[in-house]
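Beneath this line is the structure, given in structure tokens, with notes to follow.
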Amino acid sequence: MHFTINGQSHDIEVDVRTSLLDLCREHLGLTGSKKGCDHGQCGACTMLVNGRRVNSCLTLAVMHQDDEITTIEGLGQPGNLHPLQDAFVRHDGFQCGYCTPGQICSAVGMMDEVKKGWPSHVTEDLGAAELTVEEISERMSGNLCRCAAYPNIVDAIRDVAGLGDRNPNEDVGKEVAA
Amino acid sequence: MFGFGKDDTNALTMNQPHPDSLLDTGVQGVISKPLDRVDGPKKVTGTATYAAEYAIENVAHGVLVSATKGHAKIKAIDADAVKAIPGVIDVITDYDTFIRNSQQGGETSAPTQGVRTIDYFGEIIAIVVAESFEVARDAAKQLKVDYEPLDGTFDYEANKGEAEPAPDGLIKGHYDQGDFDKAFENAPVKVDVTYTTPSQNSAAMEPHASIAVWEDGALTLYGAYQMPTSDAQQLAKALGVAQSKVRIISRYIGGGFGSKLGIAPESVAAAIAAKQLGRPVKAVMLRQQVFDATVRRSNTEQRMRLGAEAGGRIVALGHESITSNLPDEDFFEPVGIGTHFLYGGENRRINHDVVRLNWTLSGSMRAPGEAVGMVGMECAMDELAEAIGMDPIALRKVNDPQQDPELKVPYSSRNLTRSLEEGAKHFGWDQRQAPGQRREGDWLIGMGVAAACRSNQLQQSAAKVELHPDGSATVSSAMTDIGTGSYTIMAQIAAEILGLPVEKVTMSLGDTNDPPAAGSGGSWGAASAGSAVYLAAERVRERLAKAMGVKPEDLTLKDGMAIGDNRSVPLAELVGKDGLSAIGEIKPGQQEKQFNQASYGAHFAEVGVNVVTGEVRVRRMLGVFAAGRVLNAKTARSQCLGGMTFGIGTALTEDLIHDPRTGKLVNHDLAEYHVPVNADVPQLEVHFLDERDIHANPIHAKGIGELGISGAAPAVVNAIYNATGVRVREMPVTLDKLLDHLPAL
Amino acid sequence: MKLFDYARADSVATATRDGAVPGARFIAGGTNLLDLMKLQVETPETLVDISRLALTEIEEREDGGLTIGALVPNSDLAADARVIERYPVLSRALLAGASGQLRNKASTGGNLLQRTRCYYFYDPATPCNKREPGSGCSAIGGENRILAILGTSDQCIATHPSDMAVAMRALEAVIVTQKPDGDRRRIAIGDFYRLPAATPEIENVLEPGELITHVELPPAPAGRQTYRKVRDRASYAFALVSVAGIVAIEGGRIASARLAFGGLGPMPWRNEAVEAALVGQEPTDAAFHAAADALLADARGYGSNDFKIPLTRRTLVATLRELTQEG
């Protein structure tokens with residue numbers, strides 16, 4: 001089987017039952033994408049397939065031999081972070097970090113969907129939407145975060161979209177003098 | 001384990017207050033700052049390595065086999081059929097050694113062992129090992145097990161009458177003070193209500209996972225564990241090997257929230273399989289198995305009886321709970337743990353009864369006790385305030401005691417009233433209206449408040465600080481970072497004391513080869529391991545002073561330079577060619593007996609309740625917290641966001657349902673066990689009050705990880721009442737419980 | 001997941017041929033099928049991968065309707081300008097379902113064929129007549145909060161979980177199929193699903209190897225459209241109750257009404273008596289309650305889902321108010 005992941009070609013034979021997620025995690029050493037539920041219920045495995053965000057646990061690797069696949073490893077590396085990765089760090093858009101690669105891949109795909117004018121469940125007139133807090137929260141709801149960094153994830157995305165209204169280093173945790 | 005008092009160790013037992021802290025006199029200026037997580041770049045790039053992700057050569061894939069009966073004896077397992085599947089290596093079980101259930105956190109003994117008799121639906125009874133995950137999963141699902149059914153106890157409602165007093169543990173099973181019955185009887189104002197909360201699951205995003213590697217009779221287990229030091233002891237006992245032969249590595253843990261405090265069944269299964277097969281074995285729990293076979297927070301039934309004077313002063317305080325657990329387990333959900341010290345009242349009854357059920361183990365989940373106990377306490381306070389006709393904040397202030405109402409010792413620090421006052425001001429509490437009065441379109445709007453409290457604990461912990469010849473430092477400890485920020489705050493403590501930029505501090509956590517620590521649990525991690533770092537750094541600093549020829553108090557360390565005696569010398573020149581190192585060890589002492597130590601806060605919630613459907617949405621939420629020194633304003637805030645969101649889940653969505661016919665967890669996945677999603681959570685606000693606690697530890701910090709959840713749920717529930725005028729006393733407040741009480745359409 | 005043979009179809013003809021082999025299943029998005037295969041609820045012997053077939057277009061029809069390729073992903077369908085303009089009820093239903101990731105993968109045809117989310121159907125450790133005919137229904141007498149109150153039998157009380165299909169039922173969509181022998185069928189969505197009765201394992205009228213190739217949407221009926229979904233989370237949860245409604249008012253009276261419901265029955269539910277109770281009436285609460293009476297006349301709760309009866313009434317009345325209010 002032939003795969004193109006993060007621009008790299010891989011020729012490898014795997015069990016036909018292998019999910020796209022397990023192909024990456026168990027066979028290609030790309031463990032950045034996470035397995036949280038293996039049933040499309042948490043979003044930790046989110047990757048970009050031909051630029052679209054999908055749950056990689058719920059699709060077979062064998063069905064993606066002609067696709068361009070991007071995982072978290074393909075977005076950026078320590079020292080060379082993707083703007084969303086950088087914003088997640090600055091806004092503390094994670095705690096344990098396990099859902100984080102999926103959140104970031106999802107955010108990349110989500111921002112592209114907004115750019116294309118796709119509406120969401122909370123878009124009043126089904127028209128083009130701005131990246132409001134409400135829109136981001138709805139569109140990112142397929143990515144569970146049990147640590148619940150949700151408010152910070154929203155802030156990180158708004159920051160990258162140029163809509164930042166919370167400065168991660170001044171607005172947080174201000175102490176009230178006793 | 002602990003070499004307490006050894007020469008190279010700076011040991012401190014908290015028998016005295018520790019008013020002076022190097023964190024106040026340090027000039028590096030990094031402590032408390034909202035610095036980015038030092039492990040952040042790794043986590044956002046997917047390069048942080050979690051338990052299942054170590055590239056171990058020749059690793060075989062194990063999938064656990066779950067029992068499909070609620071209570072039964074295994075007569076036989078037909079391994080041959082699945083062993084014939086190509087790729088299957090073996091089907092392995094050990095009826096005596098496999099653990100029945102997870103161990104509780106901090107225990108040093110093995111958990112209950114033996115799986116020939118199944119005590120709950122989903123108990124792990126075997127592991128199928130194969131060359132690939134796909135083959136192992138298929139074979140595990142196909143494995144035929146022959147059971148002899150046994151009569152089990154599966155129905156809480158039918159059996160709660162059999163509940164018995166809990167054995168004394170962390171707190172007493174039963175506690176009585178004064179004459180509760182008489183005081184309640186004679187109280188001018190009474191509230192007598194019963195609240196319930198269902199079973200819950202921590203639902204950490206990373207499933208429990210272990211890779212077991214044996215080498216020369218010694219086991220290395222890459223595991224997802226919160227407390228590697230005690231977990232290694234548990235694992236050694238369970239396997240019957242010397243403690244020195246077990247090493248646990250848990251460098252990154254994908255959340256725990258209590259579920260990874262003690263060893264879980266996958267660790268023992270992987271270790272046994274790896275030993276038998278003579279090759280490494282990886283075992284990752286399926287998500288359904290995480291629900292079925294790790295730990296749940298017990299369901300609770302809480303009878304609240306509050307008797308008060310007309311002015312609001314509580315004279316009788318009763319909090320009696322029933323919870324559930326497996327037979328032969330000592331742990332009980334300490335529902336009343338916060339009730340013991342939160343409010344005054346001379347006549348008290350705080351009882352815990354436990355009914356034995358064939359249900360998944362009950363154990364610690366984020367803030368055991370307070371997280372659900374505060375639902376009873378703080379909702380009852382709301383009801384009492386209404387019965388008296390008093391503002392709920394005023395009622396709490398009237399009952400804010402000057403000292404522990406039971407132990408009669410002072411509080412080490414306590415800012416409950418200030419938290420309530422600050423929160424009221426910021427939240428606009430004065431805009432709150434009478435129940436059912438505020439409506440916007442189809443939404444009824446209401447506000448609620450609740451107090452937050454979480455008992456503070458210090459646990460024996462050690463850490464090593466090394467200052468290298470190049471002027472950089474390494475901090476190592478078997479402490480963990482489960483998302484709490486340990487990597488970052490421990491680096492900040494070392495950097496502040498040693499006068500180094502944080503980037504100059506390398507962290508090594510989660511390895512039992514490093515100095516032992518209590519790990520992450522009970523919100524003690526930062527204070528305990530952080531104090532150990534403090535003490536180690538303090539000793540290193542003393543040696544630097546000596547090398548510099550000045551007294552420690554005359555030494556200033558900043559940006560890698562030692563300044564004193566009108567000289568400024570690079571640290572690299574002082575440490576020598578071998579570097580300097582020291583171990584710090586902290587241990588609890590008399591201070592925890594002489595003072596009641598706890599952190600406090602206040603939650604404010606504004607909800608909308610849909611007048612048509614009963615759907616509840618949290619619109620705004622504010623938490624004000626006082627937890628001693630905040631070590632990193634950014635990570636501390638995040639901890640509170642997480643706790644508050646757990647509270648939203650408790651109030652509105654989380655309900656682990658047991659089938660009363662089998663005990664089986666019906667909704668054992670993330671589609672139907674509803675943890676809050678992004679859209680359920682508004683842009684929460686968190687404020688910290690400036691506070692130091694000199695009785696707690698030398699860094700003056702108290703626990704924060706569980707403070708955010710304590711009281712969060714009742715604030716939401718009280719807001720629902722304010723919005724609708726409807727009291728729902730059964731958690732979670734799903735729409736079906738409101739529907740019949742909403743205005744007719 | 002049991003081992004299967006994998007075949008990628010290069011045409012509808014080869015797909016239907018390969019799909020007609022006993023034990024074969026089509027796979028497109030796979031978001032529900034693989035989910036169930038991992039649990040061994042579904043155990044196909046052959047997977048016929050239809051994901052590369054040229055069934056991804058949304059085309060205009062001469063009658064002013066649309067023909068939707070069976071492989072159009074849910075997200076593309078929801079965002080299609082023609083759908084938003086003419087069938088907003090469908091866009092809204094799609095956007096109320098699942099998550100962004102799942103909608104990117106889930107296909108139009110596959111969405112129609114989603115299996116129930118019944119807890120017991122999902123767990124081979126428990127009896128379930130739909131999964132294993134004759135084994136019994138665990139949901140009756142067990143936990144059934146999310147299950148059906150209409151169209152049930154004493155064999156099965158499962159619900160159909162789709163949002164999309166509910167809107168399509170209100171739109172009177174036609175499901176176009178091709179059989180292995182090349183025959184094509186046009187099946188009205190109202191005739192597509194089967195009640196469980198004594199055979200809950202049979203959910204629709206498709207024959208072996210018969211492939212959904214398209215879904216036709218007739219021109220939208222006149223009137224205002226909406227989709228209201230009630231669920232336990234603000235997002236990413238299946239419907240407890242949902243209503244797809246299209247109502248037109250003329251001269252102060254309801255001229256036409258189409259109403260379909262999710263979360264209530266074993267199929268996207270429609271009962272023309274509900275609509276008959278409305279047509280010709282003034283849009284009053286009395287008329288709305290009469291419609292609810294018609295809908296719920298045969299409703300039956302099974303314990304933990306009893307609340308769906310009043311919830312449905314309230315949701316329907318509120319939806320009708322929304323669809324008929326002035327302005």
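Ordered as shown in the structure tokens, chains take letters A, B, and onward, while each chain numbers its residues from 1 and ligands are numbered from 1 in the order shown.
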
I'd like a table as CSV: residues in chain B with an atom no more than 9 Å from chain C, each row giving the shortest atom pair and its distance in Å to one decimal, only C-alpha atoms counted, sorted by chain and rising residue number.
residue,atom,partner,partner_atom,distance
B:Ala67,CA,C:Ala125,CA,8.7
B:Thr68,CA,C:Ala125,CA,5.5
B:Lys69,CA,C:Ala125,CA,8.3
B:Glu134,CA,C:Met1,CA,7.1
B:Val135,CA,C:Met1,CA,8.3
B:Arg137,CA,C:Met1,CA,6.9
B:Asp138,CA,C:Met1,CA,5.2
B:Ala139,CA,C:Lys2,CA,8.6
B:Lys141,CA,C:Gln40,CA,7.4
B:Gln142,CA,C:Gln40,CA,8.8
B:Val612,CA,C:Arg314,CA,5.9
B:Thr613,CA,C:Leu311,CA,6.3
B:Gly614,CA,C:Leu311,CA,8.7
B:Glu615,CA,C:Asp232,CA,7.4
B:Val616,CA,C:Ala234,CA,8.8
B:Arg617,CA,C:Ala234,CA,7.5
B:Leu652,CA,C:Asp232,CA,8.2
B:Thr653,CA,C:Asp232,CA,6.6
B:Ile657,CA,C:Glu143,CA,8.0
B:His658,CA,C:Glu143,CA,8.4
B:Asp659,CA,C:Gly142,CA,6.4
B:Pro660,CA,C:Gly142,CA,7.7
B:Arg661,CA,C:Gly142,CA,7.8
B:Val666,CA,C:Tyr119,CA,6.1
B:Asn667,CA,C:Tyr119,CA,6.3
B:His668,CA,C:Tyr119,CA,8.7
B:Ala671,CA,C:Ala237,CA,7.1
B:Glu672,CA,C:Ala237,CA,7.9
B:His674,CA,C:Arg233,CA,7.2
B:Val675,CA,C:Arg233,CA,8.6
B:Pro676,CA,C:Arg233,CA,7.0
B:Val677,CA,C:Ser235,CA,6.9
B:Asn678,CA,C:Ser235,CA,8.2
B:Ala679,CA,C:Ala234,CA,5.7
B:Asp680,CA,C:Ala234,CA,5.4
B:Thr734,CA,C:Asp232,CA,6.8
B:Leu735,CA,C:Asp232,CA,7.5
B:Asp736,CA,C:Phe307,CA,5.7
B:Lys737,CA,C:Phe307,CA,8.5
B:Leu739,CA,C:Leu311,CA,7.2
B:Asp740,CA,C:Pro310,CA,8.0
B:Ala744,CA,C:Arg314,CA,8.5
B:Leu745,CA,C:Arg314,CA,6.7

Write out as CSV the residues of chain A that have any atom within 7 Å of an atom of chain C, one row each with the nearest atom pair and its distance in Å to one decimal, counting only C-alpha atoms, sorted by chain and then rising number.
residue,atom,partner,partner_atom,distance
A:Arg17,CA,C:Leu3,CA,6.9
A:His39,CA,C:Asp35,CA,5.3
A:Arg52,CA,C:Asn104,CA,6.9
A:Arg53,CA,C:Gln101,CA,5.3
A:Val54,CA,C:Gln101,CA,4.3
A:Asn55,CA,C:Gln101,CA,5.9
A:Leu58,CA,C:Thr31,CA,5.5
A:Thr59,CA,C:Gly30,CA,6.1
A:Trp118,CA,C:Ala79,CA,5.2
A:Pro119,CA,C:Ala79,CA,6.4
A:Ser120,CA,C:Leu95,CA,5.8
A:His121,CA,C:Leu95,CA,4.9
A:Leu126,CA,C:Ile84,CA,6.7
A:Glu138,CA,C:Ser235,CA,6.6
A:Arg139,CA,C:Gly100,CA,6.4
A:Ser141,CA,C:Ser235,CA,6.3
A:Gly142,CA,C:Ser99,CA,4.7

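With only C-alpha atoms taken into account, chain B has Pro34, Asp36, Gly40, Pro41, Lys43, Val44, Thr45, Gly46, Ala204, Met205, Glu206, Gly254, Gly255, Arg287, Ile482, Gly483, Ala633, Arg637, Gly642, Leu670, Ala671, Val677, Asn678, Ala679, Gln683, His687, Phe688, Leu689 and Asp690 of chain B at most 6 Å from chain A.
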
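When only C-alpha atoms are used to compute distances to Arg61 of chain C, the closest of the residues C:Asp183, C:Asp163, C:Glu203, C:Glu216 turns out to be C:Glu216.
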
Using DSSP on the backbone coordinates, identify all residues within segment 670-706 of chain B classified as strand (DSSP E); present the result as a PyMOL selection string. chain B and resi 685-689

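Near Val160 of chain A, within 8 Å and counting only C-alpha atoms, sit A:Pro83, A:Leu84, A:Ala87, A:Ala156, A:Ile157, A:Arg158, A:Gly162, A:Leu163, A:Gly164; same-chain residues fewer than 2 positions away were not included.
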
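Proximity to Ser135 of chain C at 12 Å, evaluated using only C-alpha atoms and with sequence-adjacent residues fewer than 3 positions away removed, yields Tyr120, Phe121, Pro124, Ala125, Thr126, Pro127, Cys128, Asn129, Lys130, Arg131, Glu132, Ser138, Gln155, Cys156, Thr199, Pro200 and Glu201 of chain C.
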